[in-house]
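Only one structure is covered here, and it is reproduced in the block below.
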Amino acid sequence: MATIPGDRWLLVCDVDGTLLLPERENPGLEEFNRFIENNRGRVVFALNTGRSLDEVAMVAEAGPIITPDWLACGVGTSLYSGFTPDTADPGWERAVSREWNREEIRAALSGCPGIVEQEAWNQHGARLSYYMQGSVDDILPGVLERVEPWKDSVKRVVALGYYLDFMPLWAGKGGAVAYLAEKLGIPAERVLVAGDSGNDRDMLEREFRPIVVANHASDLDDFVVGAGVFRSESPAAAGVLEGLAHFGAF
């Protein structure tokens, strides 16, 4: 039976910890790959990760993750339809290239105790990225005090107690998913988002169908108890499959 546009789902998954869990031999990944392969056309599959395009290609161009239809990289700051830079989506590039207070915030955080700027290749015009060198509870109050003037125009993303990003409100993982869903004409109730850590909150907390895998990081503990959130009993890709079944896509 042919698939009509209204029957399509958009499935957006984080990579590390959500689909890939090599220390446990990637539970459920083979079955997940078969599901995607058998449902091409009915399910649009996208990866949404903090990895760069080259780093995503290492695990999704030739496996172990099946080739996605779309790639959102750099915590949602770039969107691609393939594994080469020339496949960048021009509409999303324009959307994230708007001016914001990046350099003013960077100057305000210069010398701030407990944080160090990430390497140049991890930076982006729509993201300001740091490593935290100590306890989040100890470091974050001082950081937030310095960025107080911009609290209503930027968002901060803390992940795994180590990564700290600042982005304009329109950027990030959630913004990339919202843009892609609109571009594809897929309504929010048929958009499934799966993650395992704090940098996934931006897409998990939106109006989409959220799936949080069993091996999620502690920075999602408060989120998984919320209404409408599916928390799997299985880790990684096996848990994503549980979520697909729960929401009626599998």
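Residue numbering restarts at 1 for every chain of the structure tokens, chains are lettered A, B, ... in their displayed order, and ligands are numbered from 1 as they appear.
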Could you give me, as a Markdown table, every stretch 32-60 of chain A residue with an atom at most 7 Å from stretch 9-18 of chain A, plus its closest atom pair and distance in Å to one decimal, counting only C-alpha atoms, rows ordered by chain then number?
| residue | atom | partner | partner_atom | distance |
| --- | --- | --- | --- | --- |
| A:Arg42 | CA | A:Trp9 | CA | 6.3 |
| A:Val43 | CA | A:Trp9 | CA | 4.8 |
| A:Val44 | CA | A:Leu10 | CA | 4.8 |
| A:Phe45 | CA | A:Leu11 | CA | 5.0 |
| A:Ala46 | CA | A:Val12 | CA | 4.7 |
| A:Leu47 | CA | A:Cys13 | CA | 5.0 |
| A:Asn48 | CA | A:Asp14 | CA | 4.9 |
| A:Thr49 | CA | A:Asp14 | CA | 5.2 |
Kindly provide the residues of stretch 146-230 of chain A that approach stretch 92-99 of chain A to within 9 Å, each paired with its closest atom pair and their distance in Å to one decimal, based on only C-alpha atoms, listed by chain and increasing number, as a Markdown table.
| residue | atom | partner | partner_atom | distance |
| --- | --- | --- | --- | --- |
| A:Pro168 | CA | A:Val96 | CA | 8.4 |
| A:Trp170 | CA | A:Val96 | CA | 7.0 |
| A:Ala171 | CA | A:Val96 | CA | 5.9 |
| A:Gly172 | CA | A:Val96 | CA | 9.0 |
| A:Ala176 | CA | A:Trp92 | CA | 7.5 |
| A:Tyr179 | CA | A:Trp92 | CA | 7.2 |
| A:Leu180 | CA | A:Trp92 | CA | 8.6 |
Output of the above residues as a PDB file, in the first residue's frame, restricted to N, CA and C atoms:
ATOM      1  N   PRO A 168      21.331  31.192  20.705  1.00  0.00           N
ATOM      2  CA  PRO A 168      20.136  32.032  20.603  1.00  0.00           C
ATOM      3  C   PRO A 168      18.880  31.167  20.688  1.00  0.00           C
ATOM      4  N   TRP A 170      16.426  30.672  18.834  1.00  0.00           N
ATOM      5  CA  TRP A 170      15.946  29.983  17.645  1.00  0.00           C
ATOM      6  C   TRP A 170      16.816  28.796  17.240  1.00  0.00           C
ATOM      7  N   ALA A 171      17.988  28.664  17.808  1.00  0.00           N
ATOM      8  CA  ALA A 171      18.904  27.594  17.413  1.00  0.00           C
ATOM      9  C   ALA A 171      18.730  26.385  18.328  1.00  0.00           C
ATOM     10  N   GLY A 172      19.636  25.418  18.207  1.00  0.00           N
ATOM     11  CA  GLY A 172      19.613  24.255  19.074  1.00  0.00           C
ATOM     12  C   GLY A 172      18.888  23.062  18.465  1.00  0.00           C
ATOM     13  N   ALA A 176      16.100  22.901  15.218  1.00  0.00           N
ATOM     14  CA  ALA A 176      16.364  22.141  13.997  1.00  0.00           C
ATOM     15  C   ALA A 176      15.236  21.162  13.711  1.00  0.00           C
ATOM     16  N   TYR A 179      12.128  23.119  12.487  1.00  0.00           N
ATOM     17  CA  TYR A 179      12.323  23.546  11.102  1.00  0.00           C
ATOM     18  C   TYR A 179      12.129  22.375  10.141  1.00  0.00           C
ATOM     19  N   LEU A 180      12.736  21.226  10.462  1.00  0.00           N
ATOM     20  CA  LEU A 180      12.667  20.073   9.574  1.00  0.00           C
ATOM     21  C   LEU A 180      11.234  19.558   9.461  1.00  0.00           C
TER      22      LEU A 180
END
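Nearest residue to A:Gly226, choosing from A:Ile211, A:Leu244, A:Ile65, A:Ala188 and counting only C-alpha atoms: A:Ile211.
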Selection: 10 Å around A:Val136, only C-alpha atoms, excl. self and same-chain fewer than 5 positions, as an MDAnalysis selection string: chainID A and resid 114 141 158:164
Close residues, A:Gly198 itself excluded, 9 Å, only C-alpha atoms, min 2 positions apart in chain, as a count of residues only: 14
Nearby residues (only C-alpha atoms) at most 6 Å from A:Lys155, same-chain spacing under 2 positions excluded, as a PyMOL selection string: chain A and resi 166-167+169
Writer output for current selection, N, CA and C atoms, as a tab-separated table (two decimals), in the first residue's frame:
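The new file out.tsv reads:
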chain	number	residue	atom	x	y	z
A	166	PHE	N	25.88	27.97	25.00
A	166	PHE	CA	24.94	29.08	24.93
A	166	PHE	C	24.55	29.25	23.46
A	167	MET	N	23.24	29.42	23.24
A	167	MET	CA	22.73	29.56	21.88
A	167	MET	C	21.59	30.57	21.87
A	169	LEU	N	17.77	31.77	21.01
A	169	LEU	CA	16.54	31.01	21.25
A	169	LEU	C	16.11	30.20	20.03
Those of stretch 15-209 of chain A in DSSP strand (DSSP E or B), formatted as a ChimeraX atom specification: /A:16,20,40,43-48,70-73,78-80,88,115-117,124,127-132,154-159,163-168,191-195,209
Once you have the residues from the selection above, write them out as an mmCIF file, in the first residue's frame, restricted to C-alpha atoms.
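Okay, out.cif is ready:
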data_model
loop_
_atom_site.group_PDB
_atom_site.id
_atom_site.type_symbol
_atom_site.label_atom_id
_atom_site.label_comp_id
_atom_site.auth_asym_id
_atom_site.auth_seq_id
_atom_site.Cartn_x
_atom_site.Cartn_y
_atom_site.Cartn_z
ATOM 1 C CA ASP A 16 25.732 8.682 21.655
ATOM 2 C CA LEU A 20 25.022 3.935 20.295
ATOM 3 C CA ARG A 40 11.555 3.994 4.372
ATOM 4 C CA VAL A 43 9.350 7.056 8.582
ATOM 5 C CA VAL A 44 11.741 9.928 7.909
ATOM 6 C CA PHE A 45 14.816 9.208 10.029
ATOM 7 C CA ALA A 46 17.093 11.980 11.284
ATOM 8 C CA LEU A 47 20.067 12.088 13.628
ATOM 9 C CA ASN A 48 20.425 15.067 15.962
ATOM 10 C CA TRP A 70 18.754 13.984 7.583
ATOM 11 C CA LEU A 71 21.602 14.969 9.894
ATOM 12 C CA ALA A 72 21.455 17.766 12.452
ATOM 13 C CA CYS A 73 24.982 18.352 13.762
ATOM 14 C CA SER A 78 23.732 22.639 11.120
ATOM 15 C CA LEU A 79 21.316 20.539 9.067
ATOM 16 C CA TYR A 80 22.332 18.263 6.192
ATOM 17 C CA ALA A 88 23.672 21.760 4.078
ATOM 18 C CA ILE A 115 34.876 27.003 32.525
ATOM 19 C CA VAL A 116 37.176 26.779 29.512
ATOM 20 C CA GLU A 117 36.243 27.504 25.909
ATOM 21 C CA HIS A 124 29.748 27.793 15.675
ATOM 22 C CA ARG A 127 26.707 28.416 19.543
ATOM 23 C CA LEU A 128 29.233 29.351 22.216
ATOM 24 C CA SER A 129 30.683 26.225 23.813
ATOM 25 C CA TYR A 130 32.625 25.559 27.018
ATOM 26 C CA TYR A 131 33.912 22.702 29.142
ATOM 27 C CA MET A 132 33.124 22.801 32.860
ATOM 28 C CA VAL A 154 19.688 33.066 24.908
ATOM 29 C CA LYS A 155 19.412 29.540 26.220
ATOM 30 C CA ARG A 156 22.026 27.511 28.001
ATOM 31 C CA VAL A 157 22.494 23.776 27.576
ATOM 32 C CA VAL A 158 24.272 21.675 30.194
ATOM 33 C CA ALA A 159 25.047 18.062 29.339
ATOM 34 C CA TYR A 163 29.505 20.471 28.429
ATOM 35 C CA LEU A 164 28.043 23.981 28.518
ATOM 36 C CA ASP A 165 26.593 25.715 25.463
ATOM 37 C CA PHE A 166 24.943 29.080 24.926
ATOM 38 C CA MET A 167 22.729 29.563 21.878
ATOM 39 C CA PRO A 168 20.136 32.032 20.603
ATOM 40 C CA VAL A 191 7.318 13.800 15.362
ATOM 41 C CA LEU A 192 9.178 11.415 17.685
ATOM 42 C CA VAL A 193 12.327 12.621 19.443
ATOM 43 C CA ALA A 194 14.652 10.324 21.395
ATOM 44 C CA GLY A 195 17.492 11.310 23.710
ATOM 45 C CA ARG A 209 6.542 12.854 21.257
#
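Shortest atom-to-atom contact with A:Ala238 among A:Ser197, A:Asn26, A:Gln118, A:Ser81: A:Asn26, counting only C-alpha atoms.
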Stretch 3-247 of chain A: residues DSSP assigns to alpha helix (DSSP H), reported as an MDAnalysis selection string: chainID A and resid 29:38 53:60 90:96 102:108 136:146 172:184 201:204 236:246
